[in-house]
$ cat work31.cif   # mmCIF, N, CA and C atoms
data_model
#
loop_
_atom_site.label_atom_id
_atom_site.label_comp_id
_atom_site.auth_asym_id
_atom_site.auth_seq_id
_atom_site.Cartn_x
_atom_site.Cartn_y
_atom_site.Cartn_z
N MET V 1 226.27 -167.06 -36.97
CA MET V 1 226.78 -167.92 -38.01
C MET V 1 228.20 -168.33 -37.62
N LEU V 2 228.49 -169.55 -37.87
CA LEU V 2 229.78 -170.07 -37.42
C LEU V 2 230.86 -170.06 -38.48
N PHE V 3 230.50 -169.98 -39.74
CA PHE V 3 231.47 -169.88 -40.82
C PHE V 3 232.66 -170.82 -40.66
N LYS V 4 232.35 -172.10 -40.67
CA LYS V 4 233.35 -173.16 -40.65
C LYS V 4 234.16 -173.20 -39.36
N GLU V 5 233.59 -172.76 -38.26
CA GLU V 5 234.27 -172.79 -36.97
C GLU V 5 234.01 -174.09 -36.22
N VAL V 6 233.08 -174.90 -36.68
CA VAL V 6 232.73 -176.13 -36.00
C VAL V 6 233.03 -177.31 -36.90
N ASN V 7 233.76 -178.27 -36.36
CA ASN V 7 233.99 -179.51 -37.09
C ASN V 7 232.87 -180.47 -36.75
N GLY V 8 232.22 -181.01 -37.75
CA GLY V 8 231.12 -181.92 -37.51
C GLY V 8 229.94 -181.56 -38.38
N THR V 9 228.80 -182.14 -38.05
CA THR V 9 227.62 -181.90 -38.85
C THR V 9 226.50 -181.33 -37.98
N PHE V 10 225.59 -180.68 -38.64
CA PHE V 10 224.42 -180.14 -37.96
C PHE V 10 223.21 -181.00 -38.30
N SER V 11 222.16 -180.82 -37.55
CA SER V 11 220.92 -181.56 -37.79
C SER V 11 220.27 -181.09 -39.08
N ASP V 12 219.36 -181.88 -39.60
CA ASP V 12 218.60 -181.48 -40.79
C ASP V 12 217.84 -180.18 -40.52
N ALA V 13 217.30 -180.04 -39.33
CA ALA V 13 216.57 -178.82 -38.98
C ALA V 13 217.49 -177.60 -39.01
N ALA V 14 218.71 -177.76 -38.53
CA ALA V 14 219.66 -176.64 -38.56
C ALA V 14 219.98 -176.24 -39.99
N TYR V 15 220.14 -177.23 -40.87
CA TYR V 15 220.40 -176.92 -42.28
C TYR V 15 219.21 -176.21 -42.92
N LYS V 16 218.01 -176.66 -42.60
CA LYS V 16 216.82 -176.04 -43.17
C LYS V 16 216.69 -174.58 -42.74
N ILE V 17 216.88 -174.32 -41.46
CA ILE V 17 216.70 -172.96 -40.97
C ILE V 17 217.82 -172.06 -41.45
N SER V 18 219.03 -172.58 -41.57
CA SER V 18 220.12 -171.74 -42.07
C SER V 18 219.91 -171.39 -43.54
N LYS V 19 219.38 -172.34 -44.31
CA LYS V 19 219.07 -172.07 -45.71
C LYS V 19 218.01 -170.98 -45.82
N ARG V 20 217.02 -171.04 -44.94
CA ARG V 20 215.94 -170.05 -44.95
C ARG V 20 216.44 -168.69 -44.47
N ALA V 21 217.35 -168.68 -43.52
CA ALA V 21 217.78 -167.43 -42.89
C ALA V 21 218.84 -166.67 -43.68
N ARG V 22 219.67 -167.36 -44.42
CA ARG V 22 220.77 -166.69 -45.12
C ARG V 22 220.34 -165.46 -45.92
N PRO V 23 219.32 -165.56 -46.76
CA PRO V 23 218.95 -164.38 -47.54
C PRO V 23 218.40 -163.23 -46.70
N VAL V 24 217.98 -163.53 -45.47
CA VAL V 24 217.36 -162.52 -44.62
C VAL V 24 218.38 -161.86 -43.69
N LEU V 25 219.31 -162.64 -43.18
CA LEU V 25 220.21 -162.15 -42.13
C LEU V 25 221.10 -160.99 -42.55
N PHE V 26 221.47 -160.93 -43.78
CA PHE V 26 222.42 -159.90 -44.20
C PHE V 26 221.74 -158.71 -44.88
N LYS V 27 220.52 -158.44 -44.46
CA LYS V 27 219.78 -157.28 -44.94
C LYS V 27 219.47 -156.36 -43.77
N GLU V 28 219.14 -155.13 -44.11
CA GLU V 28 218.89 -154.13 -43.07
C GLU V 28 217.73 -154.51 -42.14
N ASP V 29 216.72 -155.19 -42.66
CA ASP V 29 215.54 -155.54 -41.84
C ASP V 29 215.63 -156.96 -41.27
N TRP V 30 216.83 -157.43 -40.98
CA TRP V 30 217.04 -158.81 -40.53
C TRP V 30 216.31 -159.14 -39.23
N LYS V 31 216.02 -158.14 -38.43
CA LYS V 31 215.37 -158.40 -37.13
C LYS V 31 213.96 -158.94 -37.26
N LYS V 32 213.40 -158.90 -38.48
CA LYS V 32 212.05 -159.44 -38.67
C LYS V 32 212.00 -160.95 -38.38
N ILE V 33 213.15 -161.61 -38.34
CA ILE V 33 213.14 -163.04 -38.03
C ILE V 33 212.66 -163.32 -36.61
N PHE V 34 212.58 -162.26 -35.79
CA PHE V 34 212.09 -162.42 -34.42
C PHE V 34 210.60 -162.11 -34.29
N ASP V 35 209.95 -161.70 -35.36
CA ASP V 35 208.50 -161.47 -35.32
C ASP V 35 207.79 -162.81 -35.14
N MET V 36 206.74 -162.81 -34.34
CA MET V 36 206.05 -164.06 -34.02
C MET V 36 205.53 -164.78 -35.27
N ASP V 37 205.00 -164.05 -36.22
CA ASP V 37 204.51 -164.70 -37.45
C ASP V 37 205.65 -165.38 -38.20
N ASP V 38 206.80 -164.73 -38.23
CA ASP V 38 207.95 -165.32 -38.91
C ASP V 38 208.47 -166.54 -38.14
N ILE V 39 208.45 -166.47 -36.84
CA ILE V 39 208.88 -167.61 -36.03
C ILE V 39 207.98 -168.82 -36.30
N LYS V 40 206.69 -168.58 -36.39
CA LYS V 40 205.75 -169.68 -36.69
C LYS V 40 206.07 -170.30 -38.05
N GLU V 41 206.39 -169.46 -39.03
CA GLU V 41 206.77 -169.98 -40.35
C GLU V 41 208.08 -170.76 -40.29
N GLN V 42 209.02 -170.30 -39.48
CA GLN V 42 210.28 -171.01 -39.32
C GLN V 42 210.05 -172.41 -38.76
N VAL V 43 209.18 -172.49 -37.76
CA VAL V 43 208.87 -173.80 -37.16
C VAL V 43 208.22 -174.72 -38.19
N LYS V 44 207.30 -174.19 -38.97
CA LYS V 44 206.66 -174.98 -40.02
C LYS V 44 207.70 -175.48 -41.01
N ASP V 45 208.62 -174.60 -41.42
CA ASP V 45 209.67 -174.98 -42.37
C ASP V 45 210.52 -176.13 -41.82
N ILE V 46 210.84 -176.06 -40.56
CA ILE V 46 211.72 -177.08 -39.97
C ILE V 46 210.99 -178.41 -39.81
N THR V 47 209.74 -178.35 -39.39
CA THR V 47 209.06 -179.58 -39.00
C THR V 47 208.21 -180.23 -40.09
N MET V 48 207.82 -179.47 -41.10
CA MET V 48 206.86 -180.02 -42.06
C MET V 48 207.39 -180.12 -43.48
N ARG V 49 208.42 -179.44 -43.83
CA ARG V 49 208.86 -179.42 -45.23
C ARG V 49 210.13 -180.19 -45.42
#
$ encode --input "work31.cif" --output "structure tokens"
Amino acid sequence: MLFKEVNGTFSDAAYKISKRARPVLFKEDWKKIFDMDDIKEQVKDITMR
């Protein structure tokens, strides 16, 4: 996470995935974002919703 370290804008896909990841990243089981099933869901979230 960059926490305002970058001047500029991110892509729509970057905004979508960061919105999805925020509630997960700061929990003890955050590594589940690397599970293949979760990765597939992340791709669906970015490309279809």
$ select_by_dssp --input "work31.cif" --residues "chain V" --states "helix (DSSP H, G or I)" --output "PDB file with N, CA and C atoms, in the coordinates of the input"
ATOM      1  N   ASP V  12     219.360-181.880 -39.600  1.00  0.00           N
ATOM      2  CA  ASP V  12     218.600-181.480 -40.790  1.00  0.00           C
ATOM      3  C   ASP V  12     217.840-180.180 -40.520  1.00  0.00           C
ATOM      4  N   ALA V  13     217.300-180.040 -39.330  1.00  0.00           N
ATOM      5  CA  ALA V  13     216.570-178.820 -38.980  1.00  0.00           C
ATOM      6  C   ALA V  13     217.490-177.600 -39.010  1.00  0.00           C
ATOM      7  N   ALA V  14     218.710-177.760 -38.530  1.00  0.00           N
ATOM      8  CA  ALA V  14     219.660-176.640 -38.560  1.00  0.00           C
ATOM      9  C   ALA V  14     219.980-176.240 -39.990  1.00  0.00           C
ATOM     10  N   TYR V  15     220.140-177.230 -40.870  1.00  0.00           N
ATOM     11  CA  TYR V  15     220.400-176.920 -42.280  1.00  0.00           C
ATOM     12  C   TYR V  15     219.210-176.210 -42.920  1.00  0.00           C
ATOM     13  N   LYS V  16     218.010-176.660 -42.600  1.00  0.00           N
ATOM     14  CA  LYS V  16     216.820-176.040 -43.170  1.00  0.00           C
ATOM     15  C   LYS V  16     216.690-174.580 -42.740  1.00  0.00           C
ATOM     16  N   ILE V  17     216.880-174.320 -41.460  1.00  0.00           N
ATOM     17  CA  ILE V  17     216.700-172.960 -40.970  1.00  0.00           C
ATOM     18  C   ILE V  17     217.820-172.060 -41.450  1.00  0.00           C
ATOM     19  N   SER V  18     219.030-172.580 -41.570  1.00  0.00           N
ATOM     20  CA  SER V  18     220.120-171.740 -42.070  1.00  0.00           C
ATOM     21  C   SER V  18     219.910-171.390 -43.540  1.00  0.00           C
ATOM     22  N   LYS V  19     219.380-172.340 -44.310  1.00  0.00           N
ATOM     23  CA  LYS V  19     219.070-172.070 -45.710  1.00  0.00           C
ATOM     24  C   LYS V  19     218.010-170.980 -45.820  1.00  0.00           C
ATOM     25  N   ARG V  20     217.020-171.040 -44.940  1.00  0.00           N
ATOM     26  CA  ARG V  20     215.940-170.050 -44.950  1.00  0.00           C
ATOM     27  C   ARG V  20     216.440-168.690 -44.470  1.00  0.00           C
ATOM     28  N   ALA V  21     217.350-168.680 -43.520  1.00  0.00           N
ATOM     29  CA  ALA V  21     217.780-167.430 -42.890  1.00  0.00           C
ATOM     30  C   ALA V  21     218.840-166.670 -43.680  1.00  0.00           C
ATOM     31  N   ARG V  22     219.670-167.360 -44.420  1.00  0.00           N
ATOM     32  CA  ARG V  22     220.770-166.690 -45.120  1.00  0.00           C
ATOM     33  C   ARG V  22     220.340-165.460 -45.920  1.00  0.00           C
ATOM     34  N   PRO V  23     219.320-165.560 -46.760  1.00  0.00           N
ATOM     35  CA  PRO V  23     218.950-164.380 -47.540  1.00  0.00           C
ATOM     36  C   PRO V  23     218.400-163.230 -46.700  1.00  0.00           C
ATOM     37  N   VAL V  24     217.980-163.530 -45.470  1.00  0.00           N
ATOM     38  CA  VAL V  24     217.360-162.520 -44.620  1.00  0.00           C
ATOM     39  C   VAL V  24     218.380-161.860 -43.690  1.00  0.00           C
ATOM     40  N   LEU V  25     219.310-162.640 -43.180  1.00  0.00           N
ATOM     41  CA  LEU V  25     220.210-162.150 -42.130  1.00  0.00           C
ATOM     42  C   LEU V  25     221.100-160.990 -42.550  1.00  0.00           C
ATOM     43  N   TRP V  30     216.830-157.430 -40.980  1.00  0.00           N
ATOM     44  CA  TRP V  30     217.040-158.810 -40.530  1.00  0.00           C
ATOM     45  C   TRP V  30     216.310-159.140 -39.230  1.00  0.00           C
ATOM     46  N   LYS V  31     216.020-158.140 -38.430  1.00  0.00           N
ATOM     47  CA  LYS V  31     215.370-158.400 -37.130  1.00  0.00           C
ATOM     48  C   LYS V  31     213.960-158.940 -37.260  1.00  0.00           C
ATOM     49  N   LYS V  32     213.400-158.900 -38.480  1.00  0.00           N
ATOM     50  CA  LYS V  32     212.050-159.440 -38.670  1.00  0.00           C
ATOM     51  C   LYS V  32     212.000-160.950 -38.380  1.00  0.00           C
ATOM     52  N   ILE V  33     213.150-161.610 -38.340  1.00  0.00           N
ATOM     53  CA  ILE V  33     213.140-163.040 -38.030  1.00  0.00           C
ATOM     54  C   ILE V  33     212.660-163.320 -36.610  1.00  0.00           C
ATOM     55  N   PHE V  34     212.580-162.260 -35.790  1.00  0.00           N
ATOM     56  CA  PHE V  34     212.090-162.420 -34.420  1.00  0.00           C
ATOM     57  C   PHE V  34     210.600-162.110 -34.290  1.00  0.00           C
ATOM     58  N   MET V  36     206.740-162.810 -34.340  1.00  0.00           N
ATOM     59  CA  MET V  36     206.050-164.060 -34.020  1.00  0.00           C
ATOM     60  C   MET V  36     205.530-164.780 -35.270  1.00  0.00           C
ATOM     61  N   ASP V  37     205.000-164.050 -36.220  1.00  0.00           N
ATOM     62  CA  ASP V  37     204.510-164.700 -37.450  1.00  0.00           C
ATOM     63  C   ASP V  37     205.650-165.380 -38.200  1.00  0.00           C
ATOM     64  N   ASP V  38     206.800-164.730 -38.230  1.00  0.00           N
ATOM     65  CA  ASP V  38     207.950-165.320 -38.910  1.00  0.00           C
ATOM     66  C   ASP V  38     208.470-166.540 -38.140  1.00  0.00           C
ATOM     67  N   ILE V  39     208.450-166.470 -36.840  1.00  0.00           N
ATOM     68  CA  ILE V  39     208.880-167.610 -36.030  1.00  0.00           C
ATOM     69  C   ILE V  39     207.980-168.820 -36.300  1.00  0.00           C
ATOM     70  N   LYS V  40     206.690-168.580 -36.390  1.00  0.00           N
ATOM     71  CA  LYS V  40     205.750-169.680 -36.690  1.00  0.00           C
ATOM     72  C   LYS V  40     206.070-170.300 -38.050  1.00  0.00           C
ATOM     73  N   GLU V  41     206.390-169.460 -39.030  1.00  0.00           N
ATOM     74  CA  GLU V  41     206.770-169.980 -40.350  1.00  0.00           C
ATOM     75  C   GLU V  41     208.080-170.760 -40.290  1.00  0.00           C
ATOM     76  N   GLN V  42     209.020-170.300 -39.480  1.00  0.00           N
ATOM     77  CA  GLN V  42     210.280-171.010 -39.320  1.00  0.00           C
ATOM     78  C   GLN V  42     210.050-172.410 -38.760  1.00  0.00           C
ATOM     79  N   VAL V  43     209.180-172.490 -37.760  1.00  0.00           N
ATOM     80  CA  VAL V  43     208.870-173.800 -37.160  1.00  0.00           C
ATOM     81  C   VAL V  43     208.220-174.720 -38.190  1.00  0.00           C
ATOM     82  N   LYS V  44     207.300-174.190 -38.970  1.00  0.00           N
ATOM     83  CA  LYS V  44     206.660-174.980 -40.020  1.00  0.00           C
ATOM     84  C   LYS V  44     207.700-175.480 -41.010  1.00  0.00           C
ATOM     85  N   ASP V  45     208.620-174.600 -41.420  1.00  0.00           N
ATOM     86  CA  ASP V  45     209.670-174.980 -42.370  1.00  0.00           C
ATOM     87  C   ASP V  45     210.520-176.130 -41.820  1.00  0.00           C
ATOM     88  N   ILE V  46     210.840-176.060 -40.560  1.00  0.00           N
ATOM     89  CA  ILE V  46     211.720-177.080 -39.970  1.00  0.00           C
ATOM     90  C   ILE V  46     210.990-178.410 -39.810  1.00  0.00           C
ATOM     91  N   THR V  47     209.740-178.350 -39.390  1.00  0.00           N
ATOM     92  CA  THR V  47     209.060-179.580 -39.000  1.00  0.00           C
ATOM     93  C   THR V  47     208.210-180.230 -40.090  1.00  0.00           C
ATOM     94  N   MET V  48     207.820-179.470 -41.100  1.00  0.00           N
ATOM     95  CA  MET V  48     206.860-180.020 -42.060  1.00  0.00           C
ATOM     96  C   MET V  48     207.390-180.120 -43.480  1.00  0.00           C
TER      97      MET V  48
END
$ residues_around --input "work31.cif" --residues "Lys16 of chain V" --least-positions-apart "4" --cutoff "7 Å" --atoms "only N, CA and C atoms" --output "list in words"
Ser11, Asp12, Arg20, Ala21, Asp45 and Ile46 of chain V
$ closest_residue --input "work31.cif" --among "V:Val43, V:Lys31, V:Phe26, V:Asp38" --to "Ala14 of chain V" --atoms "only C-alpha atoms"
V:Val43
$ residues_around --input "work31.cif" --residues "Val24 of chain V" --least-positions-apart "6" --cutoff "12 Å" --atoms "only C-alpha atoms" --output "ChimeraX atom specification"
/V:17-18,30-34,38
$ atom_distance --input "work31.cif" --atom1 "atom C of Lys27 of chain V" --atom2 "atom C of Gly8 of chain V"
27.8 Å
$ atom_distance --input "work31.cif" --atom1 "atom CA of Ile39 of chain V" --atom2 "atom N of Leu25 of chain V"
13.6 Å
$ atom_distance --input "work31.cif" --atom1 "atom C of Thr47 of chain V" --atom2 "atom N of Pro23 of chain V"
19.6 Å
